[in-house]
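Shown below: model20.txt, with compact mmCIF, C-alpha atoms and all ligand atoms.
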```
# COMPACT_ATOMS: atom_id res chain seq x y z
CA MET B 1 0.00 0.00 0.00
CA THR B 2 2.23 2.82 -1.26
CA ILE B 3 1.62 6.18 0.44
CA ASP B 4 2.91 9.53 -0.90
CA LEU B 5 2.06 12.55 1.27
CA HIS B 6 3.36 15.52 -0.75
CA THR B 7 2.42 16.33 -4.36
CA HIS B 8 1.44 19.33 -6.50
CA THR B 9 -1.09 19.81 -9.29
CA VAL B 10 -2.04 22.50 -11.76
CA PHE B 11 -3.85 24.16 -8.82
CA SER B 12 -0.40 25.42 -7.75
CA ASP B 13 2.95 24.92 -9.50
CA GLY B 14 2.50 21.37 -10.74
CA THR B 15 1.54 20.77 -14.36
CA ASP B 16 -1.02 17.95 -14.04
CA GLU B 17 -4.76 18.50 -14.42
CA PRO B 18 -6.74 16.22 -12.05
CA ASP B 19 -7.21 13.29 -14.46
CA VAL B 20 -3.56 13.35 -15.55
CA TRP B 21 -2.43 13.62 -11.90
CA TRP B 22 -4.53 10.64 -10.80
CA ALA B 23 -3.21 8.55 -13.69
CA ALA B 24 0.40 9.49 -12.94
CA VAL B 25 0.04 8.74 -9.24
CA ARG B 26 -1.83 5.48 -9.82
CA ASP B 27 0.49 4.26 -12.61
CA ALA B 28 3.46 4.80 -10.26
CA GLY B 29 1.91 2.28 -7.85
CA VAL B 30 0.81 4.83 -5.23
CA ARG B 31 -2.60 4.09 -3.70
CA THR B 32 -2.84 6.78 -1.00
CA VAL B 33 -1.79 10.28 -1.95
CA ALA B 34 -1.91 13.72 -0.38
CA VAL B 35 -2.44 16.80 -2.49
CA THR B 36 -0.37 19.63 -0.99
CA ASP B 37 -0.59 22.55 -3.37
CA HIS B 38 1.16 25.75 -2.25
CA ASP B 39 -1.07 28.00 -0.11
CA THR B 40 -4.36 26.73 -1.51
CA THR B 41 -7.09 24.14 -1.13
CA ALA B 42 -8.56 24.97 -4.54
CA GLY B 43 -7.83 21.50 -5.92
CA TRP B 44 -9.53 19.43 -3.22
CA GLU B 45 -12.97 19.35 -4.82
CA ALA B 46 -11.88 18.54 -8.37
CA LEU B 47 -9.49 15.84 -7.14
CA ALA B 48 -12.13 14.28 -4.91
CA ARG B 49 -14.60 14.29 -7.80
CA THR B 50 -12.20 12.61 -10.25
CA ARG B 51 -10.76 10.06 -7.75
CA PRO B 52 -10.50 6.49 -9.10
CA PRO B 53 -12.39 4.15 -6.72
CA ASP B 54 -9.29 2.29 -5.54
CA MET B 55 -7.40 5.48 -4.65
CA THR B 56 -7.37 7.35 -1.33
CA LEU B 57 -6.97 11.13 -1.21
CA VAL B 58 -5.52 12.95 1.80
CA PRO B 59 -6.51 16.64 1.54
CA GLY B 60 -3.64 18.96 2.40
CA ALA B 61 -1.64 22.06 1.54
CA GLU B 62 1.96 23.30 1.72
CA ILE B 63 2.12 26.62 3.53
CA SER B 64 4.84 29.16 2.72
CA ALA B 65 6.47 29.96 6.04
CA ARG B 66 9.60 31.62 7.36
CA VAL B 67 11.68 31.63 10.50
CA ARG B 68 13.68 34.57 11.78
CA ILE B 69 17.19 33.42 12.65
CA ASP B 70 19.34 36.28 13.95
CA ASP B 71 18.89 38.99 11.34
CA ARG B 72 17.90 36.75 8.46
CA MET B 73 14.61 35.23 7.27
CA VAL B 74 14.87 31.54 6.43
CA SER B 75 12.16 30.08 4.19
CA MET B 76 10.55 26.82 5.36
CA HIS B 77 7.51 24.94 4.08
CA LEU B 78 4.83 23.54 6.37
CA LEU B 79 2.69 20.65 5.18
CA ALA B 80 -0.82 20.72 6.63
CA TYR B 81 -3.20 17.78 6.46
CA LEU B 82 -6.90 17.28 7.08
CA PHE B 83 -7.62 20.83 8.27
CA ASP B 84 -10.95 22.59 7.88
CA PRO B 85 -10.58 24.76 4.74
CA ALA B 86 -13.44 26.97 5.96
CA GLU B 87 -11.80 27.84 9.30
CA PRO B 88 -11.67 31.64 8.89
CA VAL B 89 -8.28 32.50 10.40
CA LEU B 90 -6.27 29.94 8.42
CA ALA B 91 -8.37 30.59 5.28
CA ALA B 92 -7.64 34.33 5.52
CA GLU B 93 -3.91 33.69 5.95
CA LEU B 94 -3.82 31.39 2.91
CA GLN B 95 -5.62 34.06 0.90
CA ARG B 96 -3.06 36.66 2.02
CA LEU B 97 -0.24 34.32 0.94
CA ARG B 98 -1.83 33.86 -2.49
CA GLN B 99 -2.23 37.62 -2.95
CA ASP B 100 1.38 38.14 -1.93
CA ARG B 101 2.53 35.45 -4.39
CA ARG B 102 0.86 37.45 -7.18
CA ARG B 103 2.48 40.71 -6.04
CA ARG B 104 5.87 39.08 -5.73
CA GLY B 105 5.63 37.11 -8.99
CA LEU B 106 4.79 40.26 -10.91
CA ALA B 107 7.58 42.15 -9.11
CA ILE B 108 10.07 39.52 -10.35
CA VAL B 109 8.64 39.91 -13.86
CA GLU B 110 9.01 43.72 -13.65
CA ARG B 111 12.65 43.35 -12.65
CA MET B 112 13.24 40.98 -15.54
CA ILE B 113 11.55 43.34 -18.01
CA SER B 114 13.70 46.23 -16.73
CA GLY B 115 16.73 44.02 -17.22
CA GLY B 116 15.75 43.32 -20.83
CA VAL B 117 14.35 39.83 -20.32
CA PRO B 118 11.57 39.46 -22.93
CA ILE B 119 8.62 38.13 -20.90
CA THR B 120 5.35 39.82 -19.88
CA ARG B 121 3.05 39.97 -16.87
CA GLU B 122 0.16 38.74 -19.02
CA GLN B 123 2.18 35.69 -20.09
CA VAL B 124 2.95 34.66 -16.50
CA LEU B 125 -0.66 35.21 -15.38
CA ARG B 126 -1.88 33.14 -18.33
CA ILE B 127 0.52 30.30 -17.44
CA ALA B 128 -0.46 30.41 -13.75
CA ALA B 129 -4.11 30.32 -14.86
CA GLY B 130 -5.48 31.48 -11.53
CA ALA B 131 -3.18 29.32 -9.39
CA PRO B 132 -1.01 30.99 -6.71
CA VAL B 133 1.90 32.40 -8.73
CA GLY B 134 5.20 30.62 -8.24
CA ARG B 135 8.61 30.83 -9.83
CA PRO B 136 7.90 27.68 -11.89
CA HIS B 137 5.26 29.69 -13.78
CA ILE B 138 7.86 32.34 -14.56
CA ALA B 139 10.21 29.53 -15.59
CA ARG B 140 7.62 28.42 -18.16
CA ALA B 141 7.45 31.97 -19.54
CA LEU B 142 11.24 31.98 -19.85
CA MET B 143 11.00 28.68 -21.73
CA GLU B 144 8.36 30.14 -24.07
CA ALA B 145 10.71 33.05 -24.73
CA GLY B 146 13.42 30.56 -25.67
CA LEU B 147 15.75 31.75 -22.90
CA VAL B 148 16.04 28.42 -21.12
CA SER B 149 15.20 24.86 -22.07
CA SER B 150 13.93 23.60 -18.70
CA VAL B 151 12.47 24.75 -15.40
CA SER B 152 15.57 23.62 -13.53
CA GLU B 153 17.80 25.60 -15.90
CA ALA B 154 15.72 28.70 -15.10
CA PHE B 155 16.15 28.08 -11.35
CA ALA B 156 19.90 27.65 -11.73
CA ASP B 157 20.27 31.15 -13.10
CA LEU B 158 17.50 33.71 -13.80
CA LEU B 159 15.19 32.56 -10.98
CA SER B 160 17.88 31.88 -8.40
CA GLY B 161 17.28 33.22 -4.89
CA ARG B 162 20.70 34.84 -5.13
CA GLY B 163 20.13 36.37 -8.55
CA PRO B 164 19.38 40.02 -9.44
CA TYR B 165 15.69 39.47 -10.17
CA TYR B 166 14.73 37.70 -6.96
CA VAL B 167 12.00 39.22 -4.75
CA HIS B 168 10.99 37.73 -1.38
CA LYS B 169 7.48 36.64 -0.51
CA ALA B 170 5.91 37.80 2.77
CA ASP B 171 5.53 34.31 4.23
CA THR B 172 3.81 33.29 7.47
CA ASP B 173 5.87 32.99 10.63
CA LEU B 174 6.40 29.25 11.06
CA LEU B 175 5.20 29.07 14.69
CA ARG B 176 2.07 30.98 13.73
CA ALA B 177 1.49 28.65 10.77
CA ILE B 178 1.70 25.62 13.10
CA ASP B 179 -0.79 27.30 15.39
CA LEU B 180 -3.19 28.15 12.57
CA VAL B 181 -3.15 24.58 11.25
CA ARG B 182 -3.85 23.14 14.71
CA GLY B 183 -6.55 25.79 15.19
CA ALA B 184 -8.23 24.55 12.01
CA GLY B 185 -8.14 20.96 13.31
CA GLY B 186 -5.31 19.95 10.99
CA VAL B 187 -1.98 18.22 11.41
CA PRO B 188 1.26 20.18 10.71
CA VAL B 189 4.37 18.45 9.33
CA LEU B 190 7.62 20.25 8.47
CA ALA B 191 8.37 19.76 4.75
CA HIS B 192 11.89 18.79 3.60
CA PRO B 193 13.73 20.20 6.63
CA ARG B 194 17.14 19.44 5.11
CA SER B 195 16.58 20.87 1.64
CA ARG B 196 18.87 23.66 0.50
CA GLY B 197 18.32 26.88 2.46
CA ALA B 198 16.75 25.25 5.52
CA ALA B 199 19.30 22.49 6.13
CA ARG B 200 21.82 24.29 8.30
CA TRP B 201 19.17 25.61 10.70
CA THR B 202 17.03 22.54 11.37
CA ASP B 203 19.07 20.88 14.12
CA GLU B 204 17.61 18.94 17.03
CA ALA B 205 17.18 22.03 19.27
CA MET B 206 15.28 23.90 16.58
CA LEU B 207 13.01 20.92 15.83
CA ALA B 208 12.41 20.43 19.56
CA GLY B 209 11.12 24.01 19.72
CA LEU B 210 8.74 23.32 16.84
CA ALA B 211 7.55 20.10 18.50
CA ASP B 212 6.80 22.09 21.67
CA ALA B 213 4.87 24.56 19.53
CA GLY B 214 2.62 21.80 18.16
CA LEU B 215 4.45 20.34 15.17
CA ALA B 216 3.22 16.77 14.58
CA GLY B 217 5.84 15.39 12.25
CA ILE B 218 8.78 15.87 9.92
CA GLU B 219 9.23 14.85 6.31
CA VAL B 220 12.26 12.61 6.70
CA ASP B 221 12.27 10.88 3.31
CA HIS B 222 12.29 13.43 0.49
CA PRO B 223 14.24 13.54 -2.79
CA ASP B 224 16.25 16.53 -1.52
CA HIS B 225 17.56 14.55 1.48
CA GLY B 226 20.73 12.47 1.48
CA ALA B 227 21.19 9.30 3.52
CA ALA B 228 22.97 11.00 6.44
CA ASP B 229 20.24 13.62 6.88
CA ARG B 230 17.53 10.93 6.70
CA ARG B 231 19.26 8.92 9.42
CA GLU B 232 19.68 11.93 11.65
CA LEU B 233 16.09 13.18 11.13
CA ARG B 234 14.74 9.69 11.89
CA ARG B 235 16.67 9.65 15.16
CA ILE B 236 15.48 13.18 16.08
CA ALA B 237 11.87 12.24 15.28
CA ALA B 238 12.12 9.21 17.59
CA THR B 239 13.61 11.34 20.37
CA LEU B 240 10.96 14.05 20.06
CA GLY B 241 8.00 11.75 19.39
CA LEU B 242 7.39 13.21 15.93
CA VAL B 243 5.67 11.33 13.11
CA VAL B 244 8.01 10.39 10.23
CA THR B 245 6.68 10.99 6.71
CA GLY B 246 8.08 10.46 3.24
CA SER B 247 7.00 11.80 -0.11
CA SER B 248 8.00 12.61 -3.66
CA ASP B 249 7.07 16.32 -3.92
CA TYR B 250 5.82 15.43 -7.40
CA HIS B 251 5.25 18.52 -9.62
CA GLY B 252 4.30 16.93 -12.98
CA ALA B 253 6.61 18.14 -15.75
CA ASN B 254 8.00 21.00 -13.61
CA LYS B 255 10.37 18.74 -11.67
CA MET B 256 11.98 15.45 -12.58
CA LEU B 257 10.32 13.43 -9.82
CA ARG B 258 8.13 10.33 -9.82
CA PRO B 259 5.12 9.86 -7.52
CA GLY B 260 6.03 7.37 -4.79
CA GLN B 261 9.74 8.11 -5.18
CA ASP B 262 9.81 8.44 -1.41
CA VAL B 263 6.98 7.06 0.72
CA THR B 264 5.31 7.09 4.15
CA ALA B 265 4.79 3.99 6.31
CA ALA B 266 1.15 3.07 7.03
CA GLU B 267 1.63 3.26 10.82
CA GLU B 268 2.94 6.82 10.49
CA LEU B 269 -0.04 7.91 8.39
CA LYS B 270 -2.36 6.38 10.98
CA LYS B 271 -0.70 8.51 13.66
CA LEU B 272 -1.28 11.64 11.59
CA VAL B 273 -4.92 10.81 10.91
CA ALA B 274 -5.46 10.15 14.63
CA GLN B 275 -4.33 13.72 15.43
CA ALA B 276 -6.76 15.39 13.01
CA SER B 277 -9.85 16.93 14.56
CA ALA B 278 -11.56 18.84 11.73
CA PRO B 279 -14.70 17.52 10.01
CA ILE B 280 -12.45 16.52 7.10
CA ASP B 281 -11.46 12.92 6.45
CA VAL B 282 -9.38 11.03 3.96
CA ILE B 283 -11.46 10.20 0.89
CA GLY B 284 -11.39 6.63 -0.38
CA PRO B 285 -10.94 3.07 0.84
CA GLY B 286 -7.88 3.72 3.04
CA GLY B 287 -7.11 0.19 4.11
CA TRP B 288 -3.82 0.85 5.82
P1 LIG W 1 8.42 29.94 -5.14
O1 LIG W 1 7.45 29.20 -4.26
O2 LIG W 1 7.72 30.83 -6.11
O3 LIG W 1 9.52 30.64 -4.39
O4 LIG W 1 9.15 28.83 -6.02
C1 LIG W 1 9.69 27.71 -5.38
C2 LIG W 1 9.10 26.45 -6.00
O5 LIG W 1 9.77 26.19 -7.20
C3 LIG W 1 9.27 25.22 -5.15
O6 LIG W 1 8.09 24.92 -4.46
C4 LIG W 1 9.53 24.15 -6.14
O7 LIG W 1 8.31 23.60 -6.51
C5 LIG W 1 10.05 24.82 -7.35
N1 LIG W 1 11.50 24.65 -7.55
C6 LIG W 1 12.49 25.08 -6.76
N2 LIG W 1 13.69 24.75 -7.28
C7 LIG W 1 13.44 24.11 -8.43
C8 LIG W 1 14.26 23.52 -9.43
N3 LIG W 1 15.60 23.54 -9.35
N4 LIG W 1 13.65 22.93 -10.48
C9 LIG W 1 12.32 22.92 -10.57
N5 LIG W 1 11.50 23.46 -9.67
C10 LIG W 1 12.05 24.05 -8.60
FE FE W 2 6.43 23.84 -5.68
FE FE W 3 8.28 22.69 -0.54
ZN ZN W 4 6.14 20.87 -2.35
```
Structure encoded using structure tokens:
Amino acid sequence: MTIDLHTHTVFSDGTDEPDVWWAAVRDAGVRTVAVTDHDTTAGWEALARTRPPDMTLVPGAEISARVRIDDRMVSMHLLAYLFDPAEPVLAAELQRLRQDRRRRGLAIVERMISGGVPITREQVLRIAAGAPVGRPHIARALMEAGLVSSVSEAFADLLSGRGPYYVHKADTDLLRAIDLVRGAGGVPVLAHPRSRGAARWTDEAMLAGLADAGLAGIEVDHPDHGAADRRELRRIAATLGLVVTGSSDYHGANKMLRPGQDVTAAEELKKLVAQASAPIDVIGPGGW
């Protein structure tokens, strides 16, 4: 029973429409899958409606968060599962994050235009098609303009966080995000704690602070994590009593990842589901 708890669709910066996404996930052998689009629950309904009968959907989202460390802001992503999408405080914060993604995406485009990069605001908004704007949408515009041949090539240069066109998002304070998810009856899990940018800050003391603040789990198995980090995170999770998850972070054609590339154990998913208190359940046969 293969379980993948972190994927993206066309409702954020993935490329798969619901039917294509279900086929990709199912063909990869995954039977339980979480949708975790960035800062939105817009895909939940369409994915539930198009679910093949043997598949189980875990409704979720990936919240753009940040932590202040000394005088710098470090970006971290918080996975949230089985929360009430109608809970007003969390819903308002997600809406603010989406609005800020649009502001920031267009600000990056303006900088590129000023620098002579031949893309337009209209092009990026067309590619995003109403989804929260992310750099992968700008990457697609750069591909259309013939400036790069892949999304990852765009990230290596024009879209780099250290490049001249980069603009920060106004993300949610991580402790507040954990609080908002719990307040909406959901279960918060720290996404890819050892991916580039976050890795040097997420030591045991830092994760212990998050656990005290209500964090339920950490994403130990993720394509960005090497073997040493996985071993260490597994040990920290055991020490702190955190749930261990694993997932692919599948983004369709925007990232070279396969659904089920990394997976979650059934007992760990059961622990997550047991902590959820919103009137939202997994959809499908479950069976784990
Ligand atoms: P943003 O949220 O707009 O700052 O863009 C970050 C998103 O871009 C992440 O959620 C990833 O989905 C994606 N991303 C980051 N690095 C890469 C890369 N090297 N190749 C493809 N996608 C990437
Ligand atoms: Fe993404
Ligand atoms: Fe992420
Ligand atoms: Zn993700």
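Restricting the atom set to only C-alpha atoms and all ligand atoms, one finds that the residues within 10 Å of ligand ZN 4 (chain W) amount to B:Leu5, B:His6, B:Thr7, B:His8, B:Ser12, B:Asp13, B:Gly14, B:Val35, B:Thr36, B:Asp37, B:His38, B:Ala61, B:Glu62, B:Ile63, B:Ser64, B:His77, B:Leu78, B:Leu79, B:Ala191, B:His192, B:Ser247, B:Ser248, B:Asp249, B:Tyr250, B:His251.
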Those same residues - C-alpha atoms - I'd like them written as a PDB file, in the coordinates of the input.
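Here's the written file part.pdb:
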```
ATOM      1  CA  LEU B   5       2.060  12.550   1.270  1.00  0.00           C
ATOM      2  CA  HIS B   6       3.360  15.520  -0.750  1.00  0.00           C
ATOM      3  CA  THR B   7       2.420  16.330  -4.360  1.00  0.00           C
ATOM      4  CA  HIS B   8       1.440  19.330  -6.500  1.00  0.00           C
ATOM      5  CA  SER B  12      -0.400  25.420  -7.750  1.00  0.00           C
ATOM      6  CA  ASP B  13       2.950  24.920  -9.500  1.00  0.00           C
ATOM      7  CA  GLY B  14       2.500  21.370 -10.740  1.00  0.00           C
ATOM      8  CA  VAL B  35      -2.440  16.800  -2.490  1.00  0.00           C
ATOM      9  CA  THR B  36      -0.370  19.630  -0.990  1.00  0.00           C
ATOM     10  CA  ASP B  37      -0.590  22.550  -3.370  1.00  0.00           C
ATOM     11  CA  HIS B  38       1.160  25.750  -2.250  1.00  0.00           C
ATOM     12  CA  ALA B  61      -1.640  22.060   1.540  1.00  0.00           C
ATOM     13  CA  GLU B  62       1.960  23.300   1.720  1.00  0.00           C
ATOM     14  CA  ILE B  63       2.120  26.620   3.530  1.00  0.00           C
ATOM     15  CA  SER B  64       4.840  29.160   2.720  1.00  0.00           C
ATOM     16  CA  HIS B  77       7.510  24.940   4.080  1.00  0.00           C
ATOM     17  CA  LEU B  78       4.830  23.540   6.370  1.00  0.00           C
ATOM     18  CA  LEU B  79       2.690  20.650   5.180  1.00  0.00           C
ATOM     19  CA  ALA B 191       8.370  19.760   4.750  1.00  0.00           C
ATOM     20  CA  HIS B 192      11.890  18.790   3.600  1.00  0.00           C
ATOM     21  CA  SER B 247       7.000  11.800  -0.110  1.00  0.00           C
ATOM     22  CA  SER B 248       8.000  12.610  -3.660  1.00  0.00           C
ATOM     23  CA  ASP B 249       7.070  16.320  -3.920  1.00  0.00           C
ATOM     24  CA  TYR B 250       5.820  15.430  -7.400  1.00  0.00           C
ATOM     25  CA  HIS B 251       5.250  18.520  -9.620  1.00  0.00           C
TER      26      HIS B 251
END
```
Between CA of Leu94 (chain B) and CA of Asp39 (chain B), what is the distance in Å, rounded to a tenth? 5.3 Å
What lies within 9 Å of Val263 (chain B) using all atoms listed in the file, ignoring chain neighbours under 2 positions off, as a VMD selection string? chain B and resid 2 to 5 30 221 to 222 245 to 248 259 to 261 265
Shell around Thr120 (chain B) at 8 Å using all atoms listed in the file, local window under 4 positions removed, as a PyMOL selection string: chain B and resi 109+113+124
Sphere at (14.5, 19.4, 15.2), radius 9 Å, counting only C-alpha atoms: residues as a list in words: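 Looking at atoms near the point gives Pro193, Trp201, Thr202, Asp203, Glu204, Ala205, Met206, Leu207, Ala208, Gly209, Leu210, Ala211, Ile218, Leu233, Ile236, Ala237 and Leu240 of chain B.
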For ligand LIG 1 (chain W), the nearest of the candidates B:Ala278, B:Val273, B:Val117, B:Ala65, counting only C-alpha atoms and all ligand atoms: B:Ala65
Return the single residue from B:Met1, B:Gly217, B:Thr40, B:Arg98 that is closest to Thr239 (chain B), with distances computed using only C-alpha atoms.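 Using only C-alpha atoms, Thr239 (chain B) sits closest to B:Gly217.
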So which residues are near ligand LIG 1 (chain W), meaning at most 7 Å away with all atoms listed in the file counted, given back as a list in words? Asp13, Val133, Gly134, Arg135, Pro136, Val151, Ser152, Phe155, Ala156, His251, Asn254 and Lys255 of chain B
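Between ligand FE 3 (chain W) and the residues B:Leu175, B:Leu215, B:Val243, B:Ala198, the shortest atom-to-atom distance, using all atoms listed in the file, involves B:Ala198.
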Name the closest residue to ligand FE 2 (chain W) among the candidates B:Gly252, B:Gly29, B:Pro285, B:Gly183; distances are taken between atoms, counting all atoms listed in the file.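 When distances to ligand FE 2 (chain W) are compared using all atoms listed in the file, the smallest one comes from B:Gly252.
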Closest to Arg31 (chain B) among B:Ala216, B:Met55, B:Val10, B:Ala128, using all atoms listed in the file?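 Smallest distance to Arg31 (chain B) is found for B:Met55.
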Give the answer as one residue: which of B:Met76, B:Ser150, B:Leu82, B:Val167 has the shortest atom-to-atom distance to Glu110 (chain B), using all atoms listed in the file?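 Smallest separation from Glu110 (chain B) among the options: B:Val167.
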Could you give me the centre and size, in Å to one decimal, of an axis-aligned box around all listed atoms of region 250-261 of chain B with 4 Å added on every side, as AutoDock Vina command-line options?
```
--center_x 8.1 --center_y 14.2 --center_z -10.3 --size_x 15.7 --size_y 21.6 --size_z 19.0
```
Quote the spacing between CA of Thr15 (chain B) and CA of Ile283 (chain B) in Å to one decimal place.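 Between CA of Thr15 (chain B) and CA of Ile283 (chain B) the gap works out to 22.7 Å.
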Any idea what the distance is between CA of Arg231 (chain B) and atom FE of ligand FE 3 (chain W)? 20.2 Å
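Those residues that approach Trp44 (chain B) to within 9 Å, counting all atoms listed in the file, are Val35, Leu57, Pro59 and Gly60 of chain B; same-chain residues fewer than 6 positions away are not listed.
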Could you add the missing atoms to region 56-64 of chain B, up to all heavy atoms, and return them as a PDB file, in the coordinates of the input?
```pdb
ATOM      1  N   THR B  56      -7.008   6.578  -2.523  1.00  0.00           N
ATOM      2  CA  THR B  56      -7.370   7.350  -1.330  1.00  0.00           C
ATOM      3  C   THR B  56      -6.677   8.703  -1.378  1.00  0.00           C
ATOM      4  O   THR B  56      -5.461   8.780  -1.590  1.00  0.00           O
ATOM      5  CB  THR B  56      -6.969   6.582  -0.050  1.00  0.00           C
ATOM      6  OG1 THR B  56      -7.660   5.327  -0.039  1.00  0.00           O
ATOM      7  CG2 THR B  56      -7.332   7.372   1.201  1.00  0.00           C
ATOM      8  N   LEU B  57      -7.475   9.756  -1.180  1.00  0.00           N
ATOM      9  CA  LEU B  57      -6.970  11.130  -1.210  1.00  0.00           C
ATOM     10  C   LEU B  57      -6.864  11.688   0.209  1.00  0.00           C
ATOM     11  O   LEU B  57      -7.816  11.611   0.989  1.00  0.00           O
ATOM     12  CB  LEU B  57      -7.924  12.018  -2.026  1.00  0.00           C
ATOM     13  CG  LEU B  57      -7.573  13.503  -2.116  1.00  0.00           C
ATOM     14  CD1 LEU B  57      -6.287  13.730  -2.907  1.00  0.00           C
ATOM     15  CD2 LEU B  57      -8.727  14.303  -2.744  1.00  0.00           C
ATOM     16  N   VAL B  58      -5.703  12.239   0.528  1.00  0.00           N
ATOM     17  CA  VAL B  58      -5.520  12.950   1.800  1.00  0.00           C
ATOM     18  C   VAL B  58      -5.477  14.437   1.469  1.00  0.00           C
ATOM     19  O   VAL B  58      -4.508  14.915   0.873  1.00  0.00           O
ATOM     20  CB  VAL B  58      -4.208  12.534   2.509  1.00  0.00           C
ATOM     21  CG1 VAL B  58      -4.067  13.252   3.849  1.00  0.00           C
ATOM     22  CG2 VAL B  58      -4.134  11.028   2.684  1.00  0.00           C
ATOM     23  N   PRO B  59      -6.507  15.213   1.849  1.00  0.00           N
ATOM     24  CA  PRO B  59      -6.510  16.640   1.540  1.00  0.00           C
ATOM     25  C   PRO B  59      -5.458  17.369   2.371  1.00  0.00           C
ATOM     26  O   PRO B  59      -5.355  17.162   3.584  1.00  0.00           O
ATOM     27  CB  PRO B  59      -7.919  17.101   1.921  1.00  0.00           C
ATOM     28  CG  PRO B  59      -8.744  15.849   2.017  1.00  0.00           C
ATOM     29  CD  PRO B  59      -7.788  14.786   2.466  1.00  0.00           C
ATOM     30  N   GLY B  60      -4.678  18.223   1.703  1.00  0.00           N
ATOM     31  CA  GLY B  60      -3.640  18.960   2.400  1.00  0.00           C
ATOM     32  C   GLY B  60      -3.226  20.203   1.652  1.00  0.00           C
ATOM     33  O   GLY B  60      -3.818  20.564   0.624  1.00  0.00           O
ATOM     34  N   ALA B  61      -2.215  20.875   2.189  1.00  0.00           N
ATOM     35  CA  ALA B  61      -1.640  22.060   1.540  1.00  0.00           C
ATOM     36  C   ALA B  61      -0.209  22.213   2.040  1.00  0.00           C
ATOM     37  O   ALA B  61       0.172  21.611   3.043  1.00  0.00           O
ATOM     38  CB  ALA B  61      -2.448  23.314   1.888  1.00  0.00           C
ATOM     39  N   GLU B  62       0.586  22.979   1.301  1.00  0.00           N
ATOM     40  CA  GLU B  62       1.960  23.300   1.720  1.00  0.00           C
ATOM     41  C   GLU B  62       2.025  24.808   1.923  1.00  0.00           C
ATOM     42  O   GLU B  62       1.866  25.576   0.977  1.00  0.00           O
ATOM     43  CB  GLU B  62       2.980  22.843   0.664  1.00  0.00           C
ATOM     44  CG  GLU B  62       4.428  23.062   1.097  1.00  0.00           C
ATOM     45  CD  GLU B  62       5.437  22.487   0.099  1.00  0.00           C
ATOM     46  OE1 GLU B  62       5.054  22.206  -1.057  1.00  0.00           O
ATOM     47  OE2 GLU B  62       6.621  22.330   0.473  1.00  0.00           O
ATOM     48  N   ILE B  63       2.210  25.212   3.165  1.00  0.00           N
ATOM     49  CA  ILE B  63       2.120  26.620   3.530  1.00  0.00           C
ATOM     50  C   ILE B  63       3.504  27.266   3.475  1.00  0.00           C
ATOM     51  O   ILE B  63       4.475  26.750   4.035  1.00  0.00           O
ATOM     52  CB  ILE B  63       1.513  26.766   4.936  1.00  0.00           C
ATOM     53  CG1 ILE B  63       0.110  26.121   4.968  1.00  0.00           C
ATOM     54  CG2 ILE B  63       1.438  28.237   5.353  1.00  0.00           C
ATOM     55  CD1 ILE B  63      -0.532  26.108   6.341  1.00  0.00           C
ATOM     56  N   SER B  64       3.580  28.412   2.815  1.00  0.00           N
ATOM     57  CA  SER B  64       4.840  29.160   2.720  1.00  0.00           C
ATOM     58  C   SER B  64       5.105  29.839   4.051  1.00  0.00           C
ATOM     59  O   SER B  64       4.361  30.724   4.456  1.00  0.00           O
ATOM     60  CB  SER B  64       4.731  30.223   1.626  1.00  0.00           C
ATOM     61  OG  SER B  64       4.381  29.640   0.386  1.00  0.00           O
TER      62      SER B  64
END
```
